[in-house]
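First the structure, in the form of structure tokens, and then the observations on it.
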Amino acid sequence: MTGFLWLVPALPLLGASLLGLLGRRLPARLAATIGAGSVGLAALVTTAIAIGWLTHPPASETYIQPLWTWISLPGFTANFALYLDPVSLLMTLVITIIGFFIHLFSTEYMHGESGYSRYFAYLNLFVAAMLLLVLASDLLVMFVGWEGVGVCSYLLVGFWFETPENGGAAQKSFIVTRIADIAMLAGLLLLATSFGTLSIQPLLADATAAWPSGTFMPALAASLLLIGGLGKSAQIPLQTWLPDAMAGPTPVSALIHAATMVTAGVYLVVRTHTLFQLAPAVLDAIAIGAAATILVAAFAGLAQSDIKRILAYSTMGQIGYMFLALGVGAWSAAMFHLLSHAVFKALLFLSAGAISMRLHHEQNIFAMGGLRAELPVAFWAFLLGSLSLAAFPLIDCGFFSKEFLLAAVWHASPLLWAIGLFGAVLTAIYIFRAVFTVFFGDIVTETSGSYGPRIILPLAILGFGALTVGWLETPDFLGHFSILSGFLTPATGAAQHPAIPPLVPLAGIAAPFAGIAIAYALHANGFWRRQAAAPSLARRIMQSAFGFDAAYRALFVAPFLATVRALRHDPVDAAFVSLETLAIALHRRLRREQNGRLRRYAGWMMAGSLATLALLVFA
Amino acid sequence: MIPWTAPAALSLGLFLLGLLGLLARRSLVFVLMSIEIMLNAAGLLFIAAGMRWGSADGQIMFILVLNLAGAELALGLILLLRLRGRLTTLDGDSATLLRDAP
């Protein structure tokens, strides 16, 4: 079955080509069938491969499918090959299955939009590029997918390009990630010139053999790759594009800016973790940056009014947790949180989309209220997603993954654990602030319309996933399942469940309760609505996410624009242009002398003759 | 015997008179006449020079200048008639078609 692996990225690519070439000539129903069907088929193929893998695992725990030789130069070769191991298999499953349900949701959500087939063409192209990213056996091929998802993200953020702000948001997301990608490309060039190959496994083996741990070269290569990952995953200091990327359609935010693309940075670090282990300083920097991201995202999430921006900051924060796990070397904990985050954040985004499609695309939570009885499906889906995000004990996947993750962090550094725990309390506060404001209290806006099966089914499946995925890996006191880390062991090394004091899981259990209680108390006395109506200075600072945007505008954008304005008229060229200007001015003055007046000509002739004569006589 | 300077001075006077006419008159007939006067002033200077060096060359040159003036006058009068046919005026200042476009 693994021989059909090439079909997995090829099917969405075929779908994208069909939709792109036939375009608006396709009827909407056929476009939806092609768009969702190609990803659905890819999901089926992936599931079949996964079942085959679990029943008859390959001897080496990896499978390489060579397709063709891409570049062959003396001293450097790049092969186009697909590489399947437990990590990439898990990513492929997440992308195709969650991707399929988001496509299904989109067929109804985007119904009646102009550019319906264009939307599915972009979305299919995105899935193809993302699959290429995770399946690539060569960093150069991965970079193709990496840039492909960046382009699709740009196209989909700016999908409603008639509004200029959306175009600006698309450009921002593209430019910020491109800045990060320059660093990543530099890292790839460094590795390629050092080892003559970018094929991941030989490269990592060569690097381990050639570079001693803790020296400069692996640290340089790892940090360059890391910058690329930080940009893609919206981590400090390259996080500013993600909240603006919410200008795209909501299912796009669910697929690209929550479940898959933004976790590419985590995947990149896990994929090349052998290289990162050679650079302990870089790992420490990852952990510290992740802690900062968690705090900034949590405080910013507390002050947002737009439901999608709340979710955007929560995505940033949850990826911060994954990077925190990476920083302490807990690779499988990061992958577990990636999996559960993909499920519950897709659920949250889709239910947020389901809410706003019934409210005339309203996204301000303070224009909503009392929707619990009006929209029960969206309420239960959103509540389940929020409980997962807040890591509410036992019933949801977020609890298990965060517990596993924070236990590993505690083992490495209790201080980072405390920051993570504090972030978890804040996370519970801000997401339940949204839950209480949107679903409880008085009705603010009346709803309209109804949900079809293509809205309800994805929400139900993802909700079921949020309930069950967590049991793949449980702490010692809850049965000690280690299905996921056991599955990932060949790729990431065995994960320990280190012995931790009982305080750690107890604090983890208490955090969501504390957060929900605070959110409810502030909801009950009307604090959230008062702050939204008359924001204090602290709230304004938090709402702007601590002014990163303003600082970048002052530090980079404004000087750049000033330079552009200064160079607009080419000051270097001015010296040469002035010669031309002088010649033209003289020419104009002399031309005026040709006035056709005979007597004046005669006068000048006489003056000239006299001058010549005077010169001859007196000189 | 009058000195050679007297005709030379007369020639200078005639030349300046002709020049003044050329610069001051607007009618093209008078302009032509002024040019003739200036040519004759030049011819007179040739004769004065012949007197000074006792040579007949000056008189020969005068005959040449006289012929030249006759030919030039004929051409000038033809241009004058053509101009009058075209512009219905003999004012030299209004004949400014050969100028740079303003």
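In the structure tokens, chains take letters A, B, ... by order of appearance, with residues numbered from 1 within each chain and ligands from 1 in the order shown.
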Check the DSSP output for the backbone and give back, as number ranges by chain, the residues of region 446-608 of chain A in helix (DSSP H, G or I).
A: 453-472, 476-478, 483-492, 503-524, 527-533, 537-543, 545-567, 571-591, 598-608
Can you write out the residues you just picked, keeping C-alpha atoms, as a CSV table (one decimal), in the first residue's frame?
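In the end it all went to out.csv:
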chain,number,residue,atom,x,y,z
A,453,PRO,CA,-25.3,18.6,7.0
A,454,ARG,CA,-22.0,19.7,5.6
A,455,ILE,CA,-21.6,22.2,8.5
A,456,ILE,CA,-22.8,19.8,11.2
A,457,LEU,CA,-20.8,16.7,10.1
A,458,PRO,CA,-17.3,18.3,10.3
A,459,LEU,CA,-18.1,19.8,13.6
A,460,ALA,CA,-19.4,16.5,15.0
A,461,ILE,CA,-16.3,14.6,13.7
A,462,LEU,CA,-13.8,17.1,15.0
A,463,GLY,CA,-15.7,17.2,18.3
A,464,PHE,CA,-15.5,13.5,18.5
A,465,GLY,CA,-11.8,13.8,17.7
A,466,ALA,CA,-11.3,16.4,20.5
A,467,LEU,CA,-13.0,14.0,22.9
A,468,THR,CA,-10.9,10.9,22.0
A,469,VAL,CA,-7.5,11.9,20.6
A,470,GLY,CA,-6.2,12.6,24.1
A,471,TRP,CA,-6.4,9.0,25.2
A,472,LEU,CA,-3.5,8.2,22.8
A,476,ASP,CA,0.9,7.7,34.8
A,477,PHE,CA,-2.1,8.3,37.1
A,478,LEU,CA,-4.6,7.8,34.2
A,483,ILE,CA,0.4,4.7,22.1
A,484,LEU,CA,1.5,7.9,20.4
A,485,SER,CA,5.0,8.2,21.8
A,486,GLY,CA,5.5,4.5,21.2
A,487,PHE,CA,4.5,5.1,17.6
A,488,LEU,CA,6.8,8.1,17.2
A,489,THR,CA,9.8,6.4,19.0
A,490,PRO,CA,11.6,5.3,15.8
A,491,ALA,CA,11.7,8.9,14.6
A,492,THR,CA,12.0,11.0,17.7
A,503,LEU,CA,2.0,19.0,42.6
A,504,VAL,CA,2.7,19.3,38.8
A,505,PRO,CA,-0.4,17.4,37.5
A,506,LEU,CA,-2.5,18.9,40.3
A,507,ALA,CA,-1.6,22.4,39.4
A,508,GLY,CA,-2.3,21.5,35.7
A,509,ILE,CA,-5.8,20.3,36.7
A,510,ALA,CA,-6.4,23.4,38.9
A,511,ALA,CA,-5.3,25.9,36.2
A,512,PRO,CA,-8.4,25.6,33.9
A,513,PHE,CA,-10.8,25.7,36.9
A,514,ALA,CA,-9.2,28.8,38.2
A,515,GLY,CA,-9.3,30.4,34.7
A,516,ILE,CA,-12.9,29.5,34.1
A,517,ALA,CA,-13.9,30.8,37.5
A,518,ILE,CA,-12.2,34.1,37.0
A,519,ALA,CA,-13.7,34.5,33.5
A,520,TYR,CA,-17.2,33.7,34.9
A,521,ALA,CA,-16.8,36.1,37.8
A,522,LEU,CA,-15.7,39.0,35.5
A,523,HIS,CA,-18.5,38.1,33.1
A,524,ALA,CA,-21.1,38.1,35.9
A,527,PHE,CA,-16.3,43.7,33.6
A,528,TRP,CA,-15.6,42.4,30.1
A,529,ARG,CA,-18.3,44.5,28.4
A,530,ARG,CA,-17.3,47.6,30.4
A,531,GLN,CA,-13.7,47.2,29.3
A,532,ALA,CA,-14.7,46.8,25.7
A,533,ALA,CA,-16.9,49.9,25.9
A,537,LEU,CA,-4.7,52.0,29.0
A,538,ALA,CA,-3.6,48.4,30.0
A,539,ARG,CA,-6.3,46.9,27.8
A,540,ARG,CA,-5.2,49.1,24.8
A,541,ILE,CA,-1.6,48.0,25.3
A,542,MET,CA,-2.7,44.3,25.5
A,543,GLN,CA,-5.1,44.7,22.5
A,545,ALA,CA,-0.2,42.8,21.6
A,546,PHE,CA,2.4,45.1,23.3
A,547,GLY,CA,3.0,47.3,20.3
A,548,PHE,CA,5.1,45.0,18.1
A,549,ASP,CA,3.3,46.3,15.1
A,550,ALA,CA,3.9,49.9,15.9
A,551,ALA,CA,7.5,49.2,16.8
A,552,TYR,CA,8.1,47.4,13.5
A,553,ARG,CA,6.4,50.2,11.6
A,554,ALA,CA,8.7,52.8,13.3
A,555,LEU,CA,11.8,50.7,13.1
A,556,PHE,CA,11.6,49.1,9.7
A,557,VAL,CA,8.6,50.2,7.6
A,558,ALA,CA,9.0,54.0,8.2
A,559,PRO,CA,12.7,54.1,7.5
A,560,PHE,CA,12.2,52.0,4.4
A,561,LEU,CA,9.5,54.2,3.1
A,562,ALA,CA,11.5,57.3,3.9
A,563,THR,CA,14.5,55.9,1.9
A,564,VAL,CA,12.2,55.0,-1.0
A,565,ARG,CA,10.8,58.5,-1.0
A,566,ALA,CA,14.3,60.0,-0.9
A,567,LEU,CA,15.5,57.8,-3.7
A,571,PRO,CA,19.6,62.0,-6.4
A,572,VAL,CA,22.8,60.4,-7.9
A,573,ASP,CA,21.5,61.0,-11.4
A,574,ALA,CA,20.7,64.7,-10.6
A,575,ALA,CA,24.3,65.8,-11.5
A,576,PHE,CA,24.0,64.3,-14.9
A,577,VAL,CA,20.5,65.5,-15.4
A,578,SER,CA,21.6,69.1,-14.5
A,579,LEU,CA,23.9,69.2,-17.6
A,580,GLU,CA,21.0,68.2,-19.8
A,581,THR,CA,18.8,70.9,-18.1
A,582,LEU,CA,21.5,73.6,-18.7
A,583,ALA,CA,21.8,72.6,-22.4
A,584,ILE,CA,18.0,72.7,-22.8
A,585,ALA,CA,17.8,76.1,-21.1
A,586,LEU,CA,20.5,77.6,-23.3
A,587,HIS,CA,18.9,76.1,-26.4
A,588,ARG,CA,15.6,77.7,-25.5
A,589,ARG,CA,17.2,81.1,-25.0
A,590,LEU,CA,19.1,80.9,-28.3
A,591,ARG,CA,16.1,79.7,-30.3
A,598,LEU,CA,15.5,91.1,-41.1
A,599,ARG,CA,16.6,94.3,-39.5
A,600,ARG,CA,17.6,92.6,-36.3
A,601,TYR,CA,19.7,90.1,-38.2
A,602,ALA,CA,21.4,93.0,-40.0
A,603,GLY,CA,22.0,94.7,-36.7
A,604,TRP,CA,23.6,91.6,-35.2
A,605,MET,CA,25.7,91.1,-38.3
A,606,MET,CA,27.0,94.6,-38.0
A,607,ALA,CA,27.7,94.2,-34.3
A,608,GLY,CA,29.6,91.0,-35.1
Counting only C-alpha atoms, which residues of chain A sit at most 6 Å from some atom of chain B, and what is each one's closest atom pair with its distance in Å to one decimal, listed by chain and rising residue number, as a tab-separated table?
residue	atom	partner	partner_atom	distance
A:Gln594	CA	B:Arg99	CA	5.3
A:Asn595	CA	B:Arg99	CA	4.6
A:Gly596	CA	B:Thr96	CA	4.2
A:Arg597	CA	B:Thr96	CA	5.7
A:Arg599	CA	B:Leu23	CA	5.4
What separates CA of Ala499 (chain A) and CA of Pro475 (chain A) is a distance of 10.5 Å
Spatial neighbours of Gly58 (chain B), max dist 12 Å, only C-alpha atoms, sep filter under 6 positions, as a PyMOL selection string
chain B and resi 42-52+64-65
Could you list, as a PyMOL selection string, every residue within 10 Å of His273 (chain A), counting only C-alpha atoms and ignoring same-chain residues fewer than 5 positions away?
chain A and resi 204+222+267-268+278-279+283+326+329+331+491-492
When you look at Leu77 (chain B) with a cut-off of 12 Å (counting only C-alpha atoms), what residues show up, excluding the ones that are within fewer than 6 positions of it in the same chain? I need them as number ranges by chain.
B: 28-33, 69-71, 83-84, 90
Just N, CA and C atoms for this one: save the residues we selected as a compact mmCIF listing (two decimals), in the first residue's frame.
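result.txt, freshly written:
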# COMPACT_ATOMS: atom_id res chain seq x y z
N LEU B 28 10.71 97.54 -47.70
CA LEU B 28 11.78 96.76 -48.30
C LEU B 28 12.40 97.46 -49.50
N VAL B 29 11.66 98.36 -50.14
CA VAL B 29 12.24 99.13 -51.26
C VAL B 29 13.39 99.98 -50.75
N PHE B 30 13.17 100.61 -49.63
CA PHE B 30 14.22 101.45 -49.07
C PHE B 30 15.37 100.62 -48.55
N VAL B 31 15.05 99.42 -48.07
CA VAL B 31 16.12 98.53 -47.61
C VAL B 31 17.03 98.20 -48.76
N LEU B 32 16.41 97.87 -49.93
CA LEU B 32 17.21 97.56 -51.13
C LEU B 32 18.06 98.75 -51.52
N MET B 33 17.45 99.93 -51.50
CA MET B 33 18.19 101.14 -51.85
C MET B 33 19.36 101.35 -50.90
N ALA B 69 26.10 94.63 -58.17
CA ALA B 69 24.97 95.36 -57.59
C ALA B 69 23.77 95.27 -58.50
N GLY B 70 24.03 95.37 -59.86
CA GLY B 70 22.91 95.29 -60.80
C GLY B 70 22.22 93.94 -60.69
N ALA B 71 23.04 92.82 -60.70
CA ALA B 71 22.46 91.47 -60.62
C ALA B 71 21.69 91.30 -59.31
N LEU B 83 7.02 88.82 -52.72
CA LEU B 83 6.58 89.07 -51.35
C LEU B 83 5.32 89.90 -51.32
N ARG B 84 5.28 90.87 -52.21
CA ARG B 84 4.10 91.74 -52.26
C ARG B 84 2.88 90.95 -52.69
N LEU B 90 4.79 95.72 -48.17
CA LEU B 90 6.23 95.78 -48.37
C LEU B 90 6.96 95.99 -47.05
Fewer than 3 positions away in the same chain doesn't count, so skip those; otherwise give me all residues within 10 Å of Ala9 (chain B), counting only C-alpha atoms, as a PyMOL selection string.
chain B and resi 4-6+12-15+41+44-45+48
Would you list the contacts of region 433-445 of chain A as a compact mmCIF listing (two decimals) with N, CA and C atoms, in the first residue's frame, taking every protein, DNA or RNA residue within 8 Å and counting only C-alpha atoms, but skipping same-chain residues closer than 3 positions in sequence?
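Printed below is part_1.txt as written:
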# COMPACT_ATOMS: atom_id res chain seq x y z
N LEU A 302 -6.48 38.21 25.84
CA LEU A 302 -7.42 38.70 26.85
C LEU A 302 -8.16 39.96 26.40
N ILE A 307 -13.62 37.65 17.43
CA ILE A 307 -13.52 36.24 17.84
C ILE A 307 -12.38 35.54 17.11
N LEU A 359 -24.85 35.12 11.74
CA LEU A 359 -25.01 36.48 12.26
C LEU A 359 -24.55 37.52 11.24
N ILE A 365 -17.30 39.81 19.39
CA ILE A 365 -18.01 38.99 20.38
C ILE A 365 -19.00 39.82 21.18
N PHE A 366 -18.76 41.14 21.28
CA PHE A 366 -19.69 41.96 22.06
C PHE A 366 -20.94 42.31 21.27
N ALA A 367 -20.96 41.99 19.98
CA ALA A 367 -22.20 42.10 19.22
C ALA A 367 -22.97 40.79 19.23
N MET A 368 -22.43 39.79 19.97
CA MET A 368 -23.12 38.51 20.11
C MET A 368 -23.57 38.40 21.57
N GLY A 369 -24.32 37.39 21.86
CA GLY A 369 -24.74 37.17 23.25
C GLY A 369 -25.94 36.26 23.28
N GLY A 370 -25.99 35.41 24.29
CA GLY A 370 -27.15 34.55 24.48
C GLY A 370 -27.39 33.56 23.36
N LEU A 371 -26.33 33.15 22.66
CA LEU A 371 -26.53 32.29 21.49
C LEU A 371 -26.64 30.81 21.86
N ARG A 372 -26.56 30.49 23.17
CA ARG A 372 -26.54 29.09 23.58
C ARG A 372 -27.79 28.35 23.11
N PHE A 379 -22.69 26.03 19.73
CA PHE A 379 -22.35 26.17 21.15
C PHE A 379 -21.57 24.97 21.65
N PHE A 382 -18.11 24.80 20.00
CA PHE A 382 -17.20 25.83 20.49
C PHE A 382 -16.81 25.53 21.94
N LEU A 383 -17.78 25.05 22.73
CA LEU A 383 -17.48 24.75 24.13
C LEU A 383 -16.45 23.63 24.23
N SER A 386 -13.16 25.01 23.34
CA SER A 386 -12.65 25.88 24.39
C SER A 386 -12.15 25.08 25.58
N ILE A 429 -8.85 31.83 30.89
CA ILE A 429 -9.63 33.06 31.12
C ILE A 429 -10.11 33.62 29.78
N TYR A 430 -9.17 33.80 28.81
CA TYR A 430 -9.60 34.53 27.61
C TYR A 430 -10.54 33.72 26.74
N ALA A 519 -12.97 33.99 34.67
CA ALA A 519 -13.70 34.48 33.50
C ALA A 519 -15.18 34.63 33.82
N TYR A 520 -15.72 33.65 34.59
CA TYR A 520 -17.16 33.74 34.91
C TYR A 520 -17.44 34.89 35.86
N HIS A 523 -17.36 38.01 34.00
CA HIS A 523 -18.52 38.09 33.11
C HIS A 523 -19.75 38.49 33.92
N TRP A 528 -16.09 42.53 31.43
CA TRP A 528 -15.62 42.39 30.06
C TRP A 528 -16.29 43.41 29.14
Which distance in Å separates CA of Asp181 (chain A) and CA of Gly265 (chain A), to one decimal?
11.1 Å
